[in-house]
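Heads up: the structure comes next, in structure tokens.
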Amino acid sequence: MFKVGIADTTFARFDMGKSAIDELKKKTGGIRIVRYTVPGIKDLPAACRKLLMDELCDIAMALGMPGGKEIDRVCAHEASTGLIQVQVVTGKHIIEVFVHEDEAKDEKELSRLADKRTREHALNVYYLLFKPEELTKNAGKGLRQGYRDAGPARE
Amino acid sequence: MFKVGIADTTFARFDMGKSAIDELKKKTGGIRIVRYTVPGIKDLPAACRKLLMDELCDIAMALGMPGGKEIDRVCAHEASTGLIQVQVVTGKHIIEVFVHEDEAKDEKELSRLADKRTREHALNVYYLLFKPEELTKNAGKGLRQGYRDAGPARE
Amino acid sequence: MFKVGIADTTFARFDMGKSAIDELKKKTGGIRIVRYTVPGIKDLPAACRKLLMDELCDIAMALGMPGGKEIDRVCAHEASTGLIQVQVVTGKHIIEVFVHEDEAKDEKELSRLADKRTREHALNVYYLLFKPEELTKNAGKGLRQGYRDAGPARE
Amino acid sequence: MFKVGIADTTFARFDMGKSAIDELKKKTGGIRIVRYTVPGIKDLPAACRKLLMDELCDIAMALGMPGGKEIDRVCAHEASTGLIQVQVVTGKHIIEVFVHEDEAKDEKELSRLADKRTREHALNVYYLLFKPEELTKNAGKGLRQGYRDAGPARE
Amino acid sequence: MFKVGIADTTFARFDMGKSAIDELKKKTGGIRIVRYTVPGIKDLPAACRKLLMDELCDIAMALGMPGGKEIDRVCAHEASTGLIQVQVVTGKHIIEVFVHEDEAKDEKELSRLADKRTREHALNVYYLLFKPEELTKNAGKGLRQGYRDAGPARE
């Protein structure tokens, strides 16, 4: 039975962890979930390392919502860099789901976007664990999470 | 009994270490504190590594106050990157509390902000050690440290 | 017999994995290929680490198509940094083939560029494995992948 | 007896190594010094790693003078990042003393600044080794090296 | 007998590897040289790791010529970061010789600059291996490679 780690933050303005868990449970009964909440996105690398190495999760999701200022973009970059380092060390995937506050025009759209992107990436986690061949079928198909798919380029 | 490392700097213009220790002691008698002061924020990664690996602290706080110039922002970025690397290596949290000198309009506000942000992050350290479920209860609630909480986005 | 890992994404708008595999097979029957598709370029470092360390591939190709916005450039930078870290850890090459969506003026040119650059880098993989001396013969010759070679500078 | 590594460069336009050694010797007879000169600042991480791991120094100083162009700032950033990595790996401090050529209005001021900043950081090395409590006494005091101290912010 | 690794690229528009080898051989018969050519500068970290760890070279040169566009500057930064990581891991020097295509006003100057900078850094390799005291003699002397030395600042 696979074990999935869900790392999220109190900084985010939407409960992305709830969306991720709901979507994963809808999709399959064959996983166990460990949730771990930290203050901000810069705490996600340590959280994911704990989930993957101490809790022995097979994969993790790192859910965060950076603010809209330049300093927030730098924080997000630092967090991402750390999340990749944890993957290099552990050899396991961390599916990063970041929703930048300024991606949406208002709070309602922000909530909708955070929910949708998280759920679509939860599906990616499901595919990576159970049906990797589904991802290969969609290679080069221009898939997007949270927005409409871009689709393949005309040849 | 948990051991908390407090790393701070002589560069900062406010004694953030004192605020952190005061807040932690107010909250609980159940921790030991090790304080380690270095010249500047770039020395914090090595300081935290010493606290976590040599002093065997369970968690550390990295307290710093970068200046307001472009070069200071680069230094802060380098320090943050190093702090994340130490977390990846040790598997322990380092709660970074950086107050940028240009976040405040005058020295008085700078002091107040440094004190408040440090204390609120000291509480996060307390929750991570003793009551992680409190953080999960606040997942997605738009919490901020030093400023007013942003709150959850309207759905 | 050499084993080549091909990591690609569902985000890309062209099936670069197919081009890579086709070109490698045209060139030699002496390799085995393992393909692994992930959602986006930030998942490529973990994918390549799995290919090189779990699947024991001798070399990998990391195929991706970052979007044309600033945030996409940051993602590409993070992915590249991670790919280099995996090479530092494993001691094996990962030939990165990134085609930025805004390199091409329309979808047709984007497809052509993605196909051509992937194929030319597949040849580099072939040379690294079977004929490294061919690369040395071309040292300093200003070779480009996907575009016309720049050629050596006049002396 | 402590051993201090001094890494400096032929690129710098002032003999910072000499200032560091002079200041350390003035302060105490209780250390041994190993000096290692490399071409430029990007060579300092490897130099410091050699000093700390091969020569078994307890601490190192990395002395450099980046030029005033954008490319020099990138080099300095890369060097700093590497110096932090060496600290993460070795668990020992490297006190970085960089003087940017464009910090000073003329050559004379540049020399004076390089000398002063190096000497003041040599004192920090002395305190870290022999009197760490002196640094804690100065926590939050707004100390600067090479320039006038900023001092603590008014509360 | 020392072993020197020379890593270069087919992307460069000048045969920098040839200049490096020629200069090293002119200077001493006391070294063995291993040359390894890769497609581009991002492949240099893996190449140098192979030279230093698999071929057991004592030192390496990483020779590259980034293009003049913004994306090329990012690539160069990523390559440099990786080269420093390899040095941190191996504890051996990699002397990076990068000539940015837009440093020169025409192809002829580009060739001359690439040749000169490579040869002057080959001398640095020679000094690091055989006469480190020569570098210390030149500490703070404002030496440059490829251009006229800046010289020491007036005191």
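Residues are referred to by chain and number: the chain letter is A, B, ... according to the order shown in the structure tokens, the number counts from 1 in that chain, and ligands are numbered separately from 1 in the order shown.
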
Expected answer as a compact mmCIF listing (two decimals) with N, CA and C atoms, in the first residue's frame: chain C residues within 10 Å of chain E, only C-alpha atoms:
```txt
# COMPACT_ATOMS: atom_id res chain seq x y z
N ARG C 73 10.52 30.85 -16.95
CA ARG C 73 11.99 30.92 -17.02
C ARG C 73 12.59 30.54 -15.67
N HIS C 77 15.02 27.36 -14.81
CA HIS C 77 16.28 27.53 -14.09
C HIS C 77 16.35 26.56 -12.91
N GLU C 78 15.25 26.43 -12.20
CA GLU C 78 15.21 25.50 -11.06
C GLU C 78 15.39 24.06 -11.52
N SER C 80 16.90 23.05 -14.28
CA SER C 80 18.28 22.88 -14.75
C SER C 80 19.23 22.67 -13.58
N THR C 81 19.05 23.50 -12.56
CA THR C 81 19.89 23.40 -11.38
C THR C 81 19.77 22.01 -10.76
N GLY C 82 18.55 21.49 -10.72
CA GLY C 82 18.34 20.16 -10.17
C GLY C 82 18.95 19.08 -11.05
N LEU C 83 18.85 19.25 -12.35
CA LEU C 83 19.43 18.26 -13.27
C LEU C 83 20.94 18.20 -13.11
N ILE C 84 21.56 19.36 -12.90
CA ILE C 84 23.01 19.38 -12.68
C ILE C 84 23.35 18.69 -11.36
N GLN C 85 22.53 18.93 -10.32
CA GLN C 85 22.78 18.27 -9.03
C GLN C 85 22.72 16.75 -9.16
N VAL C 86 21.77 16.26 -9.95
CA VAL C 86 21.67 14.81 -10.14
C VAL C 86 22.92 14.28 -10.84
N GLN C 87 23.45 15.06 -11.79
CA GLN C 87 24.69 14.65 -12.46
C GLN C 87 25.86 14.64 -11.50
N VAL C 88 25.89 15.64 -10.59
CA VAL C 88 26.98 15.71 -9.61
C VAL C 88 26.91 14.49 -8.68
N VAL C 89 25.69 14.11 -8.30
CA VAL C 89 25.51 12.98 -7.39
C VAL C 89 25.79 11.64 -8.08
N THR C 90 25.29 11.48 -9.31
CA THR C 90 25.40 10.18 -9.98
C THR C 90 26.67 10.01 -10.79
N GLY C 91 27.29 11.14 -11.19
CA GLY C 91 28.46 11.04 -12.05
C GLY C 91 28.13 10.62 -13.48
N LYS C 92 26.87 10.77 -13.86
CA LYS C 92 26.47 10.42 -15.22
C LYS C 92 25.88 11.65 -15.91
N HIS C 93 25.97 11.68 -17.24
CA HIS C 93 25.44 12.83 -17.99
C HIS C 93 23.91 12.79 -18.07
N ILE C 94 23.32 13.97 -17.98
CA ILE C 94 21.93 14.17 -18.37
C ILE C 94 21.95 15.23 -19.45
N ILE C 95 21.61 14.86 -20.66
CA ILE C 95 21.58 15.85 -21.74
C ILE C 95 20.23 16.55 -21.68
N GLU C 96 20.29 17.83 -21.32
CA GLU C 96 19.07 18.62 -21.19
C GLU C 96 18.67 19.19 -22.54
N HIS C 121 20.42 16.43 -30.22
CA HIS C 121 20.98 16.07 -28.91
C HIS C 121 20.97 14.55 -28.71
N ASN C 124 24.14 13.57 -29.87
CA ASN C 124 25.18 13.83 -28.87
C ASN C 124 25.25 12.69 -27.84
N VAL C 125 24.09 12.19 -27.45
CA VAL C 125 24.05 11.05 -26.53
C VAL C 125 24.76 9.86 -27.16
N TYR C 127 27.07 9.91 -29.45
CA TYR C 127 28.52 10.14 -29.51
C TYR C 127 29.16 9.98 -28.13
N LEU C 128 28.52 10.51 -27.09
CA LEU C 128 29.08 10.38 -25.74
C LEU C 128 29.26 8.91 -25.36
N PRO C 132 33.14 9.16 -28.39
CA PRO C 132 33.50 10.46 -27.78
C PRO C 132 34.53 11.22 -28.60
N GLU C 133 35.33 10.51 -29.37
CA GLU C 133 36.37 11.19 -30.16
C GLU C 133 35.76 12.08 -31.24
N GLU C 134 34.53 11.77 -31.67
CA GLU C 134 33.85 12.62 -32.65
C GLU C 134 33.56 14.00 -32.06
N LEU C 135 33.22 14.02 -30.76
CA LEU C 135 32.95 15.30 -30.10
C LEU C 135 34.23 16.11 -30.01
N THR C 136 35.32 15.47 -29.66
CA THR C 136 36.60 16.19 -29.55
C THR C 136 37.01 16.75 -30.92
N LYS C 137 36.72 16.00 -31.98
CA LYS C 137 37.02 16.50 -33.33
C LYS C 137 36.27 17.81 -33.59
N ASN C 138 35.09 17.94 -32.97
CA ASN C 138 34.26 19.13 -33.19
C ASN C 138 34.39 20.18 -32.09
N ALA C 139 35.35 20.00 -31.20
CA ALA C 139 35.56 20.99 -30.13
C ALA C 139 35.83 22.37 -30.73
N GLY C 140 35.12 23.40 -30.21
CA GLY C 140 35.35 24.76 -30.67
C GLY C 140 34.80 25.05 -32.05
N LYS C 141 33.92 24.19 -32.54
CA LYS C 141 33.41 24.37 -33.92
C LYS C 141 32.09 25.15 -33.95
N GLY C 142 31.63 25.61 -32.77
CA GLY C 142 30.42 26.44 -32.76
C GLY C 142 29.16 25.68 -33.16
N LEU C 143 29.05 24.42 -32.76
CA LEU C 143 27.86 23.64 -33.11
C LEU C 143 26.64 24.13 -32.31
N ARG C 144 25.48 24.09 -32.94
CA ARG C 144 24.21 24.45 -32.29
C ARG C 144 23.21 23.32 -32.53
N GLN C 145 22.21 23.20 -31.62
CA GLN C 145 21.18 22.17 -31.82
C GLN C 145 19.82 22.84 -32.05
N ASP C 149 24.41 25.91 -37.19
CA ASP C 149 25.64 26.04 -36.42
C ASP C 149 26.21 27.45 -36.57
N ALA C 150 26.77 27.98 -35.46
CA ALA C 150 27.41 29.30 -35.52
C ALA C 150 28.75 29.21 -36.23
N GLY C 151 29.36 28.04 -36.13
CA GLY C 151 30.68 27.86 -36.76
C GLY C 151 31.78 28.47 -35.93
N PRO C 152 33.03 28.10 -36.23
CA PRO C 152 34.17 28.65 -35.49
C PRO C 152 34.34 30.13 -35.81
N ALA C 153 34.85 30.88 -34.84
CA ALA C 153 35.13 32.30 -35.05
C ALA C 153 36.37 32.44 -35.95
N ARG C 154 36.35 33.48 -36.81
CA ARG C 154 37.54 33.76 -37.64
C ARG C 154 38.71 34.12 -36.74
N GLU C 155 39.89 33.63 -37.10
CA GLU C 155 41.05 33.94 -36.26
C GLU C 155 41.91 35.04 -36.87
```

As an mmCIF file with N, CA and C atoms, in the first residue's frame, please: every residue in chain A that DSSP puts in helix (DSSP H, G or I).
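File part15.cif, as written:
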```
data_model
loop_
_atom_site.group_PDB
_atom_site.id
_atom_site.type_symbol
_atom_site.label_atom_id
_atom_site.label_comp_id
_atom_site.auth_asym_id
_atom_site.auth_seq_id
_atom_site.Cartn_x
_atom_site.Cartn_y
_atom_site.Cartn_z
ATOM 1 N N MET A 16 -5.432 23.983 0.733
ATOM 2 C CA MET A 16 -5.048 23.125 -0.381
ATOM 3 C C MET A 16 -4.886 21.665 0.061
ATOM 4 N N GLY A 17 -4.449 21.490 1.306
ATOM 5 C CA GLY A 17 -4.265 20.129 1.817
ATOM 6 C C GLY A 17 -5.577 19.351 1.784
ATOM 7 N N LYS A 18 -6.645 20.030 2.133
ATOM 8 C CA LYS A 18 -7.970 19.379 2.140
ATOM 9 C C LYS A 18 -8.353 18.926 0.725
ATOM 10 N N SER A 19 -8.126 19.807 -0.264
ATOM 11 C CA SER A 19 -8.443 19.459 -1.659
ATOM 12 C C SER A 19 -7.631 18.250 -2.115
ATOM 13 N N ALA A 20 -6.348 18.233 -1.764
ATOM 14 C CA ALA A 20 -5.469 17.148 -2.197
ATOM 15 C C ALA A 20 -5.942 15.815 -1.609
ATOM 16 N N ILE A 21 -6.238 15.839 -0.312
ATOM 17 C CA ILE A 21 -6.646 14.603 0.363
ATOM 18 C C ILE A 21 -7.985 14.123 -0.187
ATOM 19 N N ASP A 22 -8.907 15.065 -0.384
ATOM 20 C CA ASP A 22 -10.229 14.707 -0.905
ATOM 21 C C ASP A 22 -10.118 14.046 -2.280
ATOM 22 N N GLU A 23 -9.304 14.649 -3.136
ATOM 23 C CA GLU A 23 -9.170 14.123 -4.502
ATOM 24 C C GLU A 23 -8.510 12.742 -4.501
ATOM 25 N N LEU A 24 -7.476 12.591 -3.700
ATOM 26 C CA LEU A 24 -6.776 11.299 -3.647
ATOM 27 C C LEU A 24 -7.710 10.207 -3.126
ATOM 28 N N LYS A 25 -8.485 10.526 -2.106
ATOM 29 C CA LYS A 25 -9.395 9.522 -1.522
ATOM 30 C C LYS A 25 -10.512 9.146 -2.495
ATOM 31 N N LYS A 26 -10.962 10.144 -3.262
ATOM 32 C CA LYS A 26 -11.989 9.874 -4.272
ATOM 33 C C LYS A 26 -11.473 8.875 -5.306
ATOM 34 N N LYS A 27 -10.192 9.027 -5.628
ATOM 35 C CA LYS A 27 -9.609 8.254 -6.731
ATOM 36 C C LYS A 27 -9.305 6.817 -6.329
ATOM 37 N N ILE A 41 6.110 28.488 2.966
ATOM 38 C CA ILE A 41 6.659 27.640 1.906
ATOM 39 C C ILE A 41 8.121 27.289 2.122
ATOM 40 N N LYS A 42 8.880 28.162 2.792
ATOM 41 C CA LYS A 42 10.299 27.848 3.018
ATOM 42 C C LYS A 42 10.467 26.679 3.985
ATOM 43 N N ASP A 43 9.410 26.342 4.716
ATOM 44 C CA ASP A 43 9.470 25.198 5.630
ATOM 45 C C ASP A 43 9.079 23.897 4.945
ATOM 46 N N LEU A 44 8.642 23.988 3.685
ATOM 47 C CA LEU A 44 8.176 22.784 2.990
ATOM 48 C C LEU A 44 9.291 21.776 2.695
ATOM 49 N N PRO A 45 10.520 22.219 2.329
ATOM 50 C CA PRO A 45 11.565 21.213 2.077
ATOM 51 C C PRO A 45 11.822 20.326 3.300
ATOM 52 N N ALA A 46 11.955 20.923 4.481
ATOM 53 C CA ALA A 46 12.179 20.105 5.685
ATOM 54 C C ALA A 46 10.961 19.220 5.955
ATOM 55 N N ALA A 47 9.769 19.771 5.742
ATOM 56 C CA ALA A 47 8.556 18.976 5.968
ATOM 57 C C ALA A 47 8.526 17.765 5.045
ATOM 58 N N CYS A 48 8.833 17.977 3.772
ATOM 59 C CA CYS A 48 8.798 16.877 2.804
ATOM 60 C C CYS A 48 9.895 15.862 3.086
ATOM 61 N N ARG A 49 11.043 16.341 3.518
ATOM 62 C CA ARG A 49 12.107 15.402 3.870
ATOM 63 C C ARG A 49 11.658 14.517 5.027
ATOM 64 N N LYS A 50 11.005 15.097 6.015
ATOM 65 C CA LYS A 50 10.490 14.306 7.132
ATOM 66 C C LYS A 50 9.457 13.285 6.632
ATOM 67 N N LEU A 51 8.560 13.740 5.760
ATOM 68 C CA LEU A 51 7.524 12.838 5.246
ATOM 69 C C LEU A 51 8.141 11.679 4.455
ATOM 70 N N LEU A 52 9.153 11.992 3.652
ATOM 71 C CA LEU A 52 9.730 10.962 2.776
ATOM 72 C C LEU A 52 10.735 10.070 3.505
ATOM 73 N N MET A 53 11.496 10.653 4.435
ATOM 74 C CA MET A 53 12.546 9.856 5.073
ATOM 75 C C MET A 53 12.169 9.343 6.458
ATOM 76 N N ASP A 54 11.442 10.134 7.260
ATOM 77 C CA ASP A 54 11.071 9.659 8.597
ATOM 78 C C ASP A 54 9.763 8.866 8.551
ATOM 79 N N GLU A 70 7.663 40.914 -4.896
ATOM 80 C CA GLU A 70 8.945 40.424 -5.379
ATOM 81 C C GLU A 70 9.590 39.502 -4.341
ATOM 82 N N ILE A 71 9.571 39.900 -3.062
ATOM 83 C CA ILE A 71 10.185 39.093 -2.010
ATOM 84 C C ILE A 71 9.532 37.711 -1.937
ATOM 85 N N ASP A 72 8.227 37.643 -2.229
ATOM 86 C CA ASP A 72 7.524 36.358 -2.211
ATOM 87 C C ASP A 72 7.996 35.462 -3.344
ATOM 88 N N ARG A 73 8.299 36.084 -4.483
ATOM 89 C CA ARG A 73 8.800 35.307 -5.623
ATOM 90 C C ARG A 73 10.159 34.706 -5.287
ATOM 91 N N VAL A 74 10.988 35.480 -4.579
ATOM 92 C CA VAL A 74 12.297 34.965 -4.161
ATOM 93 C C VAL A 74 12.113 33.803 -3.181
ATOM 94 N N CYS A 75 11.191 33.965 -2.233
ATOM 95 C CA CYS A 75 10.899 32.885 -1.279
ATOM 96 C C CYS A 75 10.462 31.614 -2.009
ATOM 97 N N ALA A 76 9.584 31.791 -2.987
ATOM 98 C CA ALA A 76 9.078 30.642 -3.736
ATOM 99 C C ALA A 76 10.232 29.949 -4.465
ATOM 100 N N HIS A 77 11.130 30.746 -5.017
ATOM 101 C CA HIS A 77 12.288 30.188 -5.720
ATOM 102 C C HIS A 77 13.174 29.399 -4.753
ATOM 103 N N GLU A 78 13.393 29.943 -3.573
ATOM 104 C CA GLU A 78 14.207 29.247 -2.572
ATOM 105 C C GLU A 78 13.539 27.947 -2.131
ATOM 106 N N ALA A 79 12.223 28.023 -1.929
ATOM 107 C CA ALA A 79 11.493 26.820 -1.525
ATOM 108 C C ALA A 79 11.577 25.743 -2.607
ATOM 109 N N SER A 80 11.374 26.159 -3.854
ATOM 110 C CA SER A 80 11.431 25.211 -4.976
ATOM 111 C C SER A 80 12.795 24.545 -5.077
ATOM 112 N N THR A 81 13.836 25.358 -4.946
ATOM 113 C CA THR A 81 15.190 24.839 -5.006
ATOM 114 C C THR A 81 15.397 23.792 -3.915
ATOM 115 N N GLY A 82 14.878 24.065 -2.730
ATOM 116 C CA GLY A 82 15.003 23.107 -1.630
ATOM 117 C C GLY A 82 14.207 21.843 -1.876
ATOM 118 N N LEU A 83 13.023 21.991 -2.453
ATOM 119 C CA LEU A 83 12.192 20.820 -2.748
ATOM 120 C C LEU A 83 12.886 19.907 -3.758
ATOM 121 N N ILE A 84 13.565 20.520 -4.726
ATOM 122 C CA ILE A 84 14.303 19.712 -5.708
ATOM 123 C C ILE A 84 15.479 19.014 -5.033
ATOM 124 N N GLN A 85 16.166 19.708 -4.127
ATOM 125 C CA GLN A 85 17.271 19.073 -3.397
ATOM 126 C C GLN A 85 16.795 17.856 -2.611
ATOM 127 N N VAL A 86 15.636 17.977 -1.980
ATOM 128 C CA VAL A 86 15.105 16.837 -1.218
ATOM 129 C C VAL A 86 14.834 15.657 -2.156
ATOM 130 N N GLN A 87 14.332 15.963 -3.354
ATOM 131 C CA GLN A 87 14.100 14.897 -4.329
ATOM 132 C C GLN A 87 15.416 14.255 -4.776
ATOM 133 N N VAL A 88 16.461 15.085 -4.946
ATOM 134 C CA VAL A 88 17.758 14.550 -5.358
ATOM 135 C C VAL A 88 18.307 13.634 -4.258
ATOM 136 N N VAL A 89 18.105 14.032 -3.007
ATOM 137 C CA VAL A 89 18.618 13.240 -1.884
ATOM 138 C C VAL A 89 17.813 11.959 -1.678
ATOM 139 N N THR A 90 16.479 12.071 -1.746
ATOM 140 C CA THR A 90 15.635 10.916 -1.421
ATOM 141 C C THR A 90 15.334 10.019 -2.617
ATOM 142 N N GLU A 101 -0.353 34.313 -5.431
ATOM 143 C CA GLU A 101 -1.549 35.101 -5.108
ATOM 144 C C GLU A 101 -1.950 36.024 -6.255
ATOM 145 N N ASP A 102 -0.962 36.505 -7.033
ATOM 146 C CA ASP A 102 -1.294 37.450 -8.108
ATOM 147 C C ASP A 102 -1.631 36.756 -9.426
ATOM 148 N N GLU A 103 -1.779 35.448 -9.396
ATOM 149 C CA GLU A 103 -2.249 34.758 -10.600
ATOM 150 C C GLU A 103 -3.745 34.981 -10.811
ATOM 151 N N GLU A 107 -10.299 37.099 -4.841
ATOM 152 C CA GLU A 107 -10.174 36.012 -3.878
ATOM 153 C C GLU A 107 -10.945 34.764 -4.304
ATOM 154 N N LYS A 108 -12.057 34.991 -4.950
ATOM 155 C CA LYS A 108 -12.877 33.854 -5.360
ATOM 156 C C LYS A 108 -12.142 33.029 -6.427
ATOM 157 N N GLU A 109 -11.558 33.741 -7.393
ATOM 158 C CA GLU A 109 -10.813 33.043 -8.437
ATOM 159 C C GLU A 109 -9.583 32.352 -7.840
ATOM 160 N N LEU A 110 -8.988 33.013 -6.844
ATOM 161 C CA LEU A 110 -7.815 32.429 -6.188
ATOM 162 C C LEU A 110 -8.177 31.089 -5.542
ATOM 163 N N SER A 111 -9.290 31.048 -4.857
ATOM 164 C CA SER A 111 -9.752 29.818 -4.216
ATOM 165 C C SER A 111 -10.006 28.731 -5.254
ATOM 166 N N ARG A 112 -10.712 29.127 -6.301
ATOM 167 C CA ARG A 112 -11.052 28.153 -7.355
ATOM 168 C C ARG A 112 -9.795 27.585 -8.000
ATOM 169 N N LEU A 113 -8.820 28.488 -8.278
ATOM 170 C CA LEU A 113 -7.573 28.079 -8.916
ATOM 171 C C LEU A 113 -6.784 27.137 -7.999
ATOM 172 N N ALA A 114 -6.701 27.500 -6.709
ATOM 173 C CA ALA A 114 -5.941 26.678 -5.752
ATOM 174 C C ALA A 114 -6.556 25.289 -5.633
ATOM 175 N N ASP A 115 -7.894 25.261 -5.610
ATOM 176 C CA ASP A 115 -8.587 23.970 -5.503
ATOM 177 C C ASP A 115 -8.337 23.128 -6.754
ATOM 178 N N LYS A 116 -8.513 23.746 -7.907
ATOM 179 C CA LYS A 116 -8.419 23.010 -9.180
ATOM 180 C C LYS A 116 -6.993 22.509 -9.431
ATOM 181 N N ARG A 117 -6.011 23.401 -9.242
ATOM 182 C CA ARG A 117 -4.619 22.990 -9.503
ATOM 183 C C ARG A 117 -4.198 21.877 -8.550
ATOM 184 N N THR A 118 -4.606 22.003 -7.297
ATOM 185 C CA THR A 118 -4.245 20.974 -6.327
ATOM 186 C C THR A 118 -4.845 19.624 -6.715
ATOM 187 N N ARG A 119 -6.132 19.645 -7.107
ATOM 188 C CA ARG A 119 -6.804 18.391 -7.472
ATOM 189 C C ARG A 119 -6.178 17.764 -8.716
ATOM 190 N N GLU A 120 -5.841 18.594 -9.703
ATOM 191 C CA GLU A 120 -5.264 18.039 -10.928
ATOM 192 C C GLU A 120 -3.864 17.468 -10.682
ATOM 193 N N HIS A 121 -3.140 18.087 -9.741
ATOM 194 C CA HIS A 121 -1.825 17.527 -9.408
ATOM 195 C C HIS A 121 -1.959 16.286 -8.515
ATOM 196 N N ALA A 122 -3.040 16.231 -7.720
ATOM 197 C CA ALA A 122 -3.293 15.008 -6.945
ATOM 198 C C ALA A 122 -3.487 13.832 -7.904
ATOM 199 N N LEU A 123 -4.145 14.116 -9.023
ATOM 200 C CA LEU A 123 -4.300 13.077 -10.056
ATOM 201 C C LEU A 123 -2.950 12.656 -10.610
ATOM 202 N N ASN A 124 -2.049 13.631 -10.812
ATOM 203 C CA ASN A 124 -0.706 13.285 -11.281
ATOM 204 C C ASN A 124 0.000 12.362 -10.287
ATOM 205 N N VAL A 125 -0.187 12.640 -8.999
ATOM 206 C CA VAL A 125 0.389 11.759 -7.975
ATOM 207 C C VAL A 125 -0.176 10.351 -8.133
ATOM 208 N N TYR A 126 -1.489 10.283 -8.324
ATOM 209 C CA TYR A 126 -2.142 8.984 -8.519
ATOM 210 C C TYR A 126 -1.547 8.249 -9.721
ATOM 211 N N TYR A 127 -1.382 8.977 -10.843
ATOM 212 C CA TYR A 127 -0.835 8.338 -12.044
ATOM 213 C C TYR A 127 0.615 7.884 -11.830
ATOM 214 N N LEU A 128 1.411 8.729 -11.195
ATOM 215 C CA LEU A 128 2.820 8.358 -10.971
ATOM 216 C C LEU A 128 2.908 7.065 -10.151
ATOM 217 N N LEU A 129 2.008 6.904 -9.188
ATOM 218 C CA LEU A 129 2.046 5.720 -8.324
ATOM 219 C C LEU A 129 1.433 4.490 -8.997
ATOM 220 N N PHE A 130 0.277 4.681 -9.644
ATOM 221 C CA PHE A 130 -0.500 3.519 -10.089
ATOM 222 C C PHE A 130 -0.512 3.297 -11.599
ATOM 223 N N PRO A 132 1.681 4.943 -14.421
ATOM 224 C CA PRO A 132 2.636 5.826 -15.119
ATOM 225 C C PRO A 132 2.449 5.817 -16.634
ATOM 226 N N GLU A 133 1.901 4.747 -17.167
ATOM 227 C CA GLU A 133 1.724 4.675 -18.640
ATOM 228 C C GLU A 133 0.707 5.721 -19.118
ATOM 229 N N GLU A 134 -0.197 6.159 -18.227
ATOM 230 C CA GLU A 134 -1.150 7.214 -18.603
ATOM 231 C C GLU A 134 -0.433 8.536 -18.863
ATOM 232 N N LEU A 135 0.606 8.791 -18.067
ATOM 233 C CA LEU A 135 1.381 10.017 -18.270
ATOM 234 C C LEU A 135 2.117 9.949 -19.610
ATOM 235 N N THR A 136 2.707 8.809 -19.915
ATOM 236 C CA THR A 136 3.429 8.678 -21.182
ATOM 237 C C THR A 136 2.474 8.852 -22.365
ATOM 238 N N LYS A 137 1.241 8.351 -22.218
ATOM 239 C CA LYS A 137 0.242 8.546 -23.281
ATOM 240 C C LYS A 137 0.005 10.031 -23.531
#
```

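Put simply, CA of Arg32 in chain C is 23.0 Å away from CA of Phe98 in chain C.
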
key: Length of the CA of Gly68 in chain B to CA of Pro66 in chain A vector [Å]   =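 Distance between the two atoms: 21.5 Å.
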
request  = State, in Å with one decimal place, the distance from CA of Gly146 in chain B to CA of Asp58 in chain B.
outcome  =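 These atoms are spaced 24.5 Å apart.
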
request  = Would you list, as a list of chain:residue names, the residues of range 15-127 of chain E that end up in strand (DSSP E) under DSSP run on this structure's backbone?
outcome  =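 Here are the strand (DSSP E) residues of range 15-127 of chain E: E:Ile31, E:Arg32, E:Ile33, E:Val34, E:Arg35, E:Tyr36, E:Thr37, E:Val38, E:Ile59, E:Ala60, E:Met61, E:Ala62, E:Leu63, E:Gly64, E:Ile94, E:Ile95, E:Glu96, E:Val97, E:Phe98.
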
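Comparing D:Ala104, D:Ile33, D:Thr28, D:Tyr147 by their smallest distance to Ile59 in chain D, the closest is D:Ile33 (using only C-alpha atoms).
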